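Input: a single structure, listed below in structure tokens.
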Amino acid sequence: MLGHARFLPRKSVVPRKPTHLQSHFIFDSRGFSEGVRQEVHPLNSIDLNFSNYRNMREVPLSMYAFLLDSSRRSNRSDIALKIWTDMQAKGIEPSVKDFHIILNAAAASKDQSVIKSLMEKMKAGFGTITNIDCIQLLKGSTPKEVLSLMASRNVKPDATLLLALSARLRDNPDIHSVRCLEQFLGTENPEPLVHLYHKTGSDADVYRLVTQRQGWAPQHNSTRVTVLKVFMALLKEATTSGKFDTAINLLQEMRRSIIKPDGIVWKQVIAPLAKQSQIQPILRLVEQMHADGISTDAMVWTMILSTCNRVGDAQDLDKAAHLYETASIIPDLILQTTLVETHCKRGDLIAAHSILEEIERNDHHKPIANSTWNILITTLAKSNQLDRALSIFNNHPIHRQPSIQTWMILISAAKNIPSIHCVQLIRERVRSLPHWNNISLRNNLLDAYVKCRRFDLAEAEFNELKTQLHADVVSWNIMIAGYGGSGKPAMALDVFHDLQASNVEATPATYASILPHLTEIDEILAIHKSVKTWRNEHTSVTTAIMDAYIRCGRIDLAQDIFDKMVSSRTCDVTAFNVMMSALGKMHRFNEALQLVQEMKHLGLKPDQATYVSLLMGCKSARSLEQTQHIHRLLADSSLDNIIVNNCLLDAYIECGRLDLAQSHFSKMLHVPNGVDSITYNLMIGGHAKANQFHQSHQLLKTATVSLDPQPWNTLMFAYARNDRYVDALNLMEEMERCGPSPDALSWSALVLACTSTSSIETGKQLYQRIQASPFGTNGTVLSYLISMFAKCGSLDMASEIWDSIPASDRTDELVTSMMFAWGSRGRAQDVLRLFRQQESPSDDMITAVLNACSHAGFVDEALQLYQSAVEADRAWNTMSHNAFIDALCRAKKLDMAEDHTRNFVPNRITWMTILSGCKFAGDVERAPRIAEKAFQFDENAAPYVLLSNIFASVKDHSKVTEIRKEMKEKRIKKTPGRVKVEVDGKITEFVVNDQTHPQGPQIRALLHDLFHELYADGFKHDHDAVLREFESADEERVHLCEHSEKLAIGFALLNTKEGTPIKLVKNLRVCSDCHEATKAISKLTNRVINVRDANRWHHFKDGQCDCGDYF
């Protein structure tokens, strides 16, 4: 009591009734008496009392509580804050109630320092935090701090608090706070979060919110606008960075959300896709636009069709045209001209022509550019409709003011066909016009004569140019390249010498025209001598000379040039590539790889051609180790393009490592634009080569890029090589149904596959189908048909097709096919007659006529052909040389054949041909020497087997045993002879002395009776076909009667009706005894027997074979 006396009012120790102007407090020993409180003046009495007691050293908490409560009642936040300051100074902890009064006071006065101090106490766990507390804290703290406090104290916000937080964040949002707020709000109503995220710049979060709530509809238009802005920004970012899949996915999400994309949004995605030539995604988007009822304008369609014209295949063009027709667009002139090109590329020339005429009718004041007419004219010309192109040219305004470009297009089209008739028509038209004196146009005309192989007209035109217009170097280059490319290097060299004697200066292009066609080292040396300097501008010329030396086998001279270029630092990447390619072909890989390091030392960067050259060498040598080494170099370099990767796949496949190719292919699939049609072509071919036809077909069906016909053709040719005609036919039907439009090679592959059936009737059905297709007159397809019918034994059908082709349309390919057809049936005279009609016979024609001479025994004619080639300075290719040697060997002129190998670089086929000649001539002494030459190429069983057969034919069985022992030591296995025969759609296979077939006894009984009749008719076995020693002649005869061909024929005779043709397929060449026996059986049984061996088809009928016994 005494301790508190000094705090009592001075005038009395007994409480008095207070006036309305003053309030005082009654104390006892416990402090302020509770409940003894009179009316208090709201303004002054609190301040007065607080001033009286703030200096007290010990103030009870109840006093502070009362004072705080009074300040609250009087709305005196300033006093409450002073009280709080005094409490802090004296270390007095407030009660929870007092704490809230202080917080409210701090919030009312927006005292951030007090609010922060109170927040620290809250974080430390003081009291219970209410939603109202958080709202008050927001008045002096950031939303981020309040949200952090709420998270740490597990405060569950109500709607009022969330609204307050959203309001504060709207002014200055941060991504962390908005994400914390999202945890409390959830995504049931993402509208406030949409705006907040958008303000923070996190468009990705806006996209997430909108796509999570499918079917959500914003209540406010401002939200709708914000979402649309976000989608547009994300679309722009995706398309600008080339992430087209992301852009398309965004578009699809917009379609599924309430924010439907309009035409502008669609255009924002289509435009960059068009720039990147992504035609298939564009067409899918257009389909979706139509499904959503979104209209497009002429500008968008111009963009779409231009892209399709540039990169689309036939299927894309058709789809684009169909979509355009359903779009109801009013086209402008630009769109109409683009449509003309689209229809031209589709082959709908009538529609293209109709559009052009419509433009002329409706827009006389808008003349059509010549370039638009040129598109139609060019397309007509490329479609073998040059006459129609000329007709349009004559009947439309373009002919009144023809440009140089128009004439150039017409001439180029005529020479690409090639059609000398059209070239002459064009020349007659243009010679009366001012353009006639244009040297570029005249050079194009000169080139057309060369391409049409009318060198008589070309020479006349060239002479006229020299005398009238002073022919420029381009004119000379055309003549040089024309002669060189037509197998007339001597005439090309004469023109080159005339050029050197003239006032016209040769250019690098001149040397590029002459050097590739030179085969004599003296000629190359002379040209090399004429190149006086080694200055940098002549690098391309010296590189071409290097290449010429390499081609002639003089890599030493090429190396000298290369070393000089390196030492003078005039060597460029092309020169390095030429040298590396040569070393790679010679399997000198270490030296080639050293050049890569030398390039880098000189500051040159290996380019695409560098790695292509190296990989081509690896492929040629089938060197897996070097291929993998180059793969590692590529991985370390920045060069990673589709061409090099395709070459790497090709090398792995050729090395027999399809697994490594497949592994690299899988990686390429994950790179944007990492694969193309060529990639799929290589992989499909690789799987087909490994007889993995199912995998090849799956690649076609699952391709991630638009495929051209080539990969389909590759699989179809693989089916053809494996006698799978039905599979090839099914693939063609699938291609017509859902693949690219079949081209000439597609039909050619199907024809080749049909050849394996040996069925003339099936061939005729296919021929009818081809006639109804756009390729009924295609030279390539017709040439395959001629070959097919000839191999199937119907030379009449082959001749019928040949006779149906106008003489002017008989291409070199067709002539060659007919020559081979006649030659295979011994009609060498017809082949020679056709050959002599050719002004400039191709290499294939020379091979065909030599084959015909060989099969007919016309060795003198073959010698005359060789002599004519020598006199005309006409070089033969290796195939022609081998055909000539075959003719000599069949005539038993082995000395001459062996001497002829000095005139070219012989290959394995050369020595195998001469070795076969040794067997035919019985030249046992020469055979081992020739066999040694054949052994050098590879460890193949064929030369060993043939040499063994030669010794067996003269009964030298000790030598046969030695050869077989050597083969065993070298682990060289002979391929066993197998014959397949088809009966009632089922394939049955036989080997020599086959004991496994259930009908074996019946087959042998039938053959026993059959040969008994043949012996009675005078048939005798060819005992040269006996390749091992037997104790008796009867054993030998039994062995010959059980060759696989004879067992197969016996099986077919046993299981087919009389008169049914028999077809056999043998994996090796038919032996001489089986050939003679089959002829005799065909006559005795009145059956047609078709046998395809490893070399050719044999058609046996009435005791004869169409090979003329030359096999």
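Residues are named by chain letter and number: chains run A, B, ... in the order of the structure tokens, numbers start at 1 in each chain, and ligands are numbered from 1 in the order shown.
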Determine, counting only C-alpha atoms, which protein, DNA and RNA residues have an atom within 9 Å of an atom of range 1043-1047 of chain A; residues of the same chain fewer than 5 positions away are not included. Present the result as a PyMOL selection string. chain A and resi 977-980+989-994+1000+1003-1004+1007+1052+1064-1066+1070+1074+1077-1078+1091
Need to verify the contact set: Cys792 in chain A, 7 Å, only C-alpha atoms, exclusion of same-chain residues closer than 3 positions in sequence. Can you return it as a CSV table (one decimal) with N, CA and C atoms, in the first residue's frame?
```
chain,number,residue,atom,x,y,z
A,755,THR,N,8.8,-60.5,-113.9
A,755,THR,CA,9.6,-61.4,-114.7
A,755,THR,C,9.9,-62.7,-114.0
A,758,SER,N,7.8,-65.8,-114.8
A,758,SER,CA,7.9,-66.4,-116.1
A,758,SER,C,6.6,-66.7,-116.7
A,759,SER,N,5.6,-66.0,-116.3
A,759,SER,CA,4.2,-66.2,-116.8
A,759,SER,C,3.9,-65.1,-117.9
A,760,ILE,N,3.8,-65.5,-119.1
A,760,ILE,CA,3.5,-64.6,-120.2
A,760,ILE,C,2.1,-64.0,-120.0
A,788,MET,N,11.2,-58.0,-120.0
A,788,MET,CA,10.4,-59.0,-119.3
A,788,MET,C,9.9,-60.1,-120.2
A,789,PHE,N,9.3,-59.6,-121.3
A,789,PHE,CA,8.7,-60.6,-122.3
A,789,PHE,C,9.8,-61.5,-122.9
```
Name all residues at most 10 Å from Ser623 in chain A (count only C-alpha atoms; drop same-chain ones fewer than 6 positions away) and give them as a ChimeraX atom specification. /A:587,589,615,617,651-652,654-656
How about saving the chosen residues, all heavy atoms kept, as a PDB file, in the first residue's frame?
```pdb
ATOM      1  N   HIS A 587      41.810 -47.376-100.660  1.00  0.00           N
ATOM      2  CA  HIS A 587      41.823 -47.942 -99.313  1.00  0.00           C
ATOM      3  C   HIS A 587      43.040 -47.469 -98.507  1.00  0.00           C
ATOM      4  O   HIS A 587      43.481 -48.160 -97.587  1.00  0.00           O
ATOM      5  CB  HIS A 587      41.786 -49.474 -99.358  1.00  0.00           C
ATOM      6  CG  HIS A 587      40.616 -50.009-100.107  1.00  0.00           C
ATOM      7  ND1 HIS A 587      40.461 -51.360-100.402  1.00  0.00           N
ATOM      8  CD2 HIS A 587      39.532 -49.392-100.658  1.00  0.00           C
ATOM      9  CE1 HIS A 587      39.344 -51.535-101.099  1.00  0.00           C
ATOM     10  NE2 HIS A 587      38.764 -50.352-101.256  1.00  0.00           N
ATOM     11  N   PHE A 589      43.374 -45.234 -96.128  1.00  0.00           N
ATOM     12  CA  PHE A 589      42.585 -44.386 -95.241  1.00  0.00           C
ATOM     13  C   PHE A 589      43.446 -43.564 -94.288  1.00  0.00           C
ATOM     14  O   PHE A 589      43.103 -42.433 -93.959  1.00  0.00           O
ATOM     15  CB  PHE A 589      41.589 -45.238 -94.448  1.00  0.00           C
ATOM     16  CG  PHE A 589      40.542 -45.881 -95.302  1.00  0.00           C
ATOM     17  CD1 PHE A 589      40.526 -47.241 -95.527  1.00  0.00           C
ATOM     18  CD2 PHE A 589      39.566 -45.106 -95.904  1.00  0.00           C
ATOM     19  CE1 PHE A 589      39.563 -47.822 -96.323  1.00  0.00           C
ATOM     20  CE2 PHE A 589      38.593 -45.679 -96.696  1.00  0.00           C
ATOM     21  CZ  PHE A 589      38.593 -47.043 -96.914  1.00  0.00           C
ATOM     22  N   LEU A 615      33.626 -41.106 -96.426  1.00  0.00           N
ATOM     23  CA  LEU A 615      32.640 -42.169 -96.181  1.00  0.00           C
ATOM     24  C   LEU A 615      32.379 -43.002 -97.432  1.00  0.00           C
ATOM     25  O   LEU A 615      32.135 -44.214 -97.337  1.00  0.00           O
ATOM     26  CB  LEU A 615      31.336 -41.554 -95.666  1.00  0.00           C
ATOM     27  CG  LEU A 615      31.405 -41.019 -94.230  1.00  0.00           C
ATOM     28  CD1 LEU A 615      30.180 -40.182 -93.904  1.00  0.00           C
ATOM     29  CD2 LEU A 615      31.530 -42.172 -93.238  1.00  0.00           C
ATOM     30  N   GLY A 617      34.645 -43.698 -99.604  1.00  0.00           N
ATOM     31  CA  GLY A 617      35.781 -44.623 -99.639  1.00  0.00           C
ATOM     32  C   GLY A 617      35.591 -45.774 -98.674  1.00  0.00           C
ATOM     33  O   GLY A 617      35.888 -46.928 -98.998  1.00  0.00           O
ATOM     34  N   ALA A 651      27.362 -46.187 -95.415  1.00  0.00           N
ATOM     35  CA  ALA A 651      28.617 -46.899 -95.163  1.00  0.00           C
ATOM     36  C   ALA A 651      28.414 -48.040 -94.172  1.00  0.00           C
ATOM     37  O   ALA A 651      28.917 -49.157 -94.368  1.00  0.00           O
ATOM     38  CB  ALA A 651      29.671 -45.925 -94.650  1.00  0.00           C
ATOM     39  N   TYR A 652      27.671 -47.788 -93.091  1.00  0.00           N
ATOM     40  CA  TYR A 652      27.412 -48.843 -92.105  1.00  0.00           C
ATOM     41  C   TYR A 652      26.655 -50.005 -92.748  1.00  0.00           C
ATOM     42  O   TYR A 652      26.951 -51.182 -92.489  1.00  0.00           O
ATOM     43  CB  TYR A 652      26.603 -48.282 -90.937  1.00  0.00           C
ATOM     44  CG  TYR A 652      27.436 -47.626 -89.859  1.00  0.00           C
ATOM     45  CD1 TYR A 652      27.038 -46.427 -89.270  1.00  0.00           C
ATOM     46  CD2 TYR A 652      28.615 -48.221 -89.410  1.00  0.00           C
ATOM     47  CE1 TYR A 652      27.797 -45.828 -88.271  1.00  0.00           C
ATOM     48  CE2 TYR A 652      29.374 -47.626 -88.422  1.00  0.00           C
ATOM     49  CZ  TYR A 652      28.972 -46.434 -87.849  1.00  0.00           C
ATOM     50  OH  TYR A 652      29.717 -45.850 -86.862  1.00  0.00           O
ATOM     51  N   GLU A 654      26.617 -50.874 -95.915  1.00  0.00           N
ATOM     52  CA  GLU A 654      27.492 -51.588 -96.855  1.00  0.00           C
ATOM     53  C   GLU A 654      28.512 -52.441 -96.105  1.00  0.00           C
ATOM     54  O   GLU A 654      28.944 -53.476 -96.610  1.00  0.00           O
ATOM     55  CB  GLU A 654      28.212 -50.571 -97.755  1.00  0.00           C
ATOM     56  CG  GLU A 654      28.934 -51.184 -98.938  1.00  0.00           C
ATOM     57  CD  GLU A 654      27.981 -51.865 -99.919  1.00  0.00           C
ATOM     58  OE1 GLU A 654      26.803 -51.473 -99.994  1.00  0.00           O
ATOM     59  OE2 GLU A 654      28.433 -52.811-100.611  1.00  0.00           O
ATOM     60  N   CYS A 655      28.876 -52.010 -94.892  1.00  0.00           N
ATOM     61  CA  CYS A 655      29.805 -52.796 -94.068  1.00  0.00           C
ATOM     62  C   CYS A 655      29.107 -53.966 -93.379  1.00  0.00           C
ATOM     63  O   CYS A 655      29.745 -54.709 -92.615  1.00  0.00           O
ATOM     64  CB  CYS A 655      30.466 -51.906 -93.017  1.00  0.00           C
ATOM     65  SG  CYS A 655      31.612 -50.682 -93.690  1.00  0.00           S
ATOM     66  N   GLY A 656      27.814 -54.106 -93.611  1.00  0.00           N
ATOM     67  CA  GLY A 656      27.074 -55.212 -93.021  1.00  0.00           C
ATOM     68  C   GLY A 656      26.665 -54.983 -91.580  1.00  0.00           C
ATOM     69  O   GLY A 656      26.295 -55.929 -90.881  1.00  0.00           O
TER      70      GLY A 656
END
```
I'd like the interatomic distance between CA of Tyr866 in chain A and CA of Glu925 in chain A, to a tenth of an Å.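 Here the two named atoms are 27.8 Å from each other.
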Who sits within 10 Å of Leu425 in chain A, only C-alpha atoms, same chain under 3 positions skipped, as an NGL selection string: :A and (387 or 390 or 411 or 414 or 420-422 or 428-430)
Give me, as a PyMOL selection string, the residues of range 441-600 of chain A that a backbone DSSP run labels helix (DSSP H, G or I). chain A and resi 441-451+455-469+473-485+489-501+508-517+521-530+536-551+555-567+573-585+589-600
With only C-alpha atoms as the counted atoms, please give the residues lying no more than 12 Å from Leu283 in chain A, apart from itself and same-chain residues fewer than 2 positions off, as JSON, numbers by chain. {"A": [266, 269, 270, 273, 274, 277, 278, 279, 280, 281, 285, 286, 287, 288, 289, 290, 300, 301, 303, 304, 305, 307, 308, 312, 315, 316, 317, 318, 319, 320, 321, 322, 323, 324]}
Point out the residue among A:Leu138, A:Gly125, A:Ile1049, A:Leu707 with the least atom-to-atom distance to Ser152 in chain A, counting only C-alpha atoms.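 Result for the nearest residue to Ser152 in chain A: A:Gly125.
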Between CA of Ser948 in chain A and CA of Arg964 in chain A, what is the spacing in Å?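 Value for the CA of Arg964 in chain A-CA of Ser948 in chain A distance: 7.8 Å.
Here CA of Trp911 in chain A and CA of Arg1096 in chain A stand 19.7 Å from one another.
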Shell around Leu750 in chain A at 8 Å using only C-alpha atoms, local window under 2 positions removed, as a list of chain:residue names: A:Met716, A:Phe717, A:Ala720, A:Tyr725, A:Ala728, A:Leu729, A:Met732, A:Ser746, A:Trp747, A:Ser748, A:Leu752, A:Ala753, A:Cys754
Using only C-alpha atoms: which of A:Ala718, A:Pro173, A:Cys344, A:Ile914 has the shortest distance to Gln692 in chain A: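 Checking each candidate against Gln692 in chain A, we get A:Ala718 as the closest.
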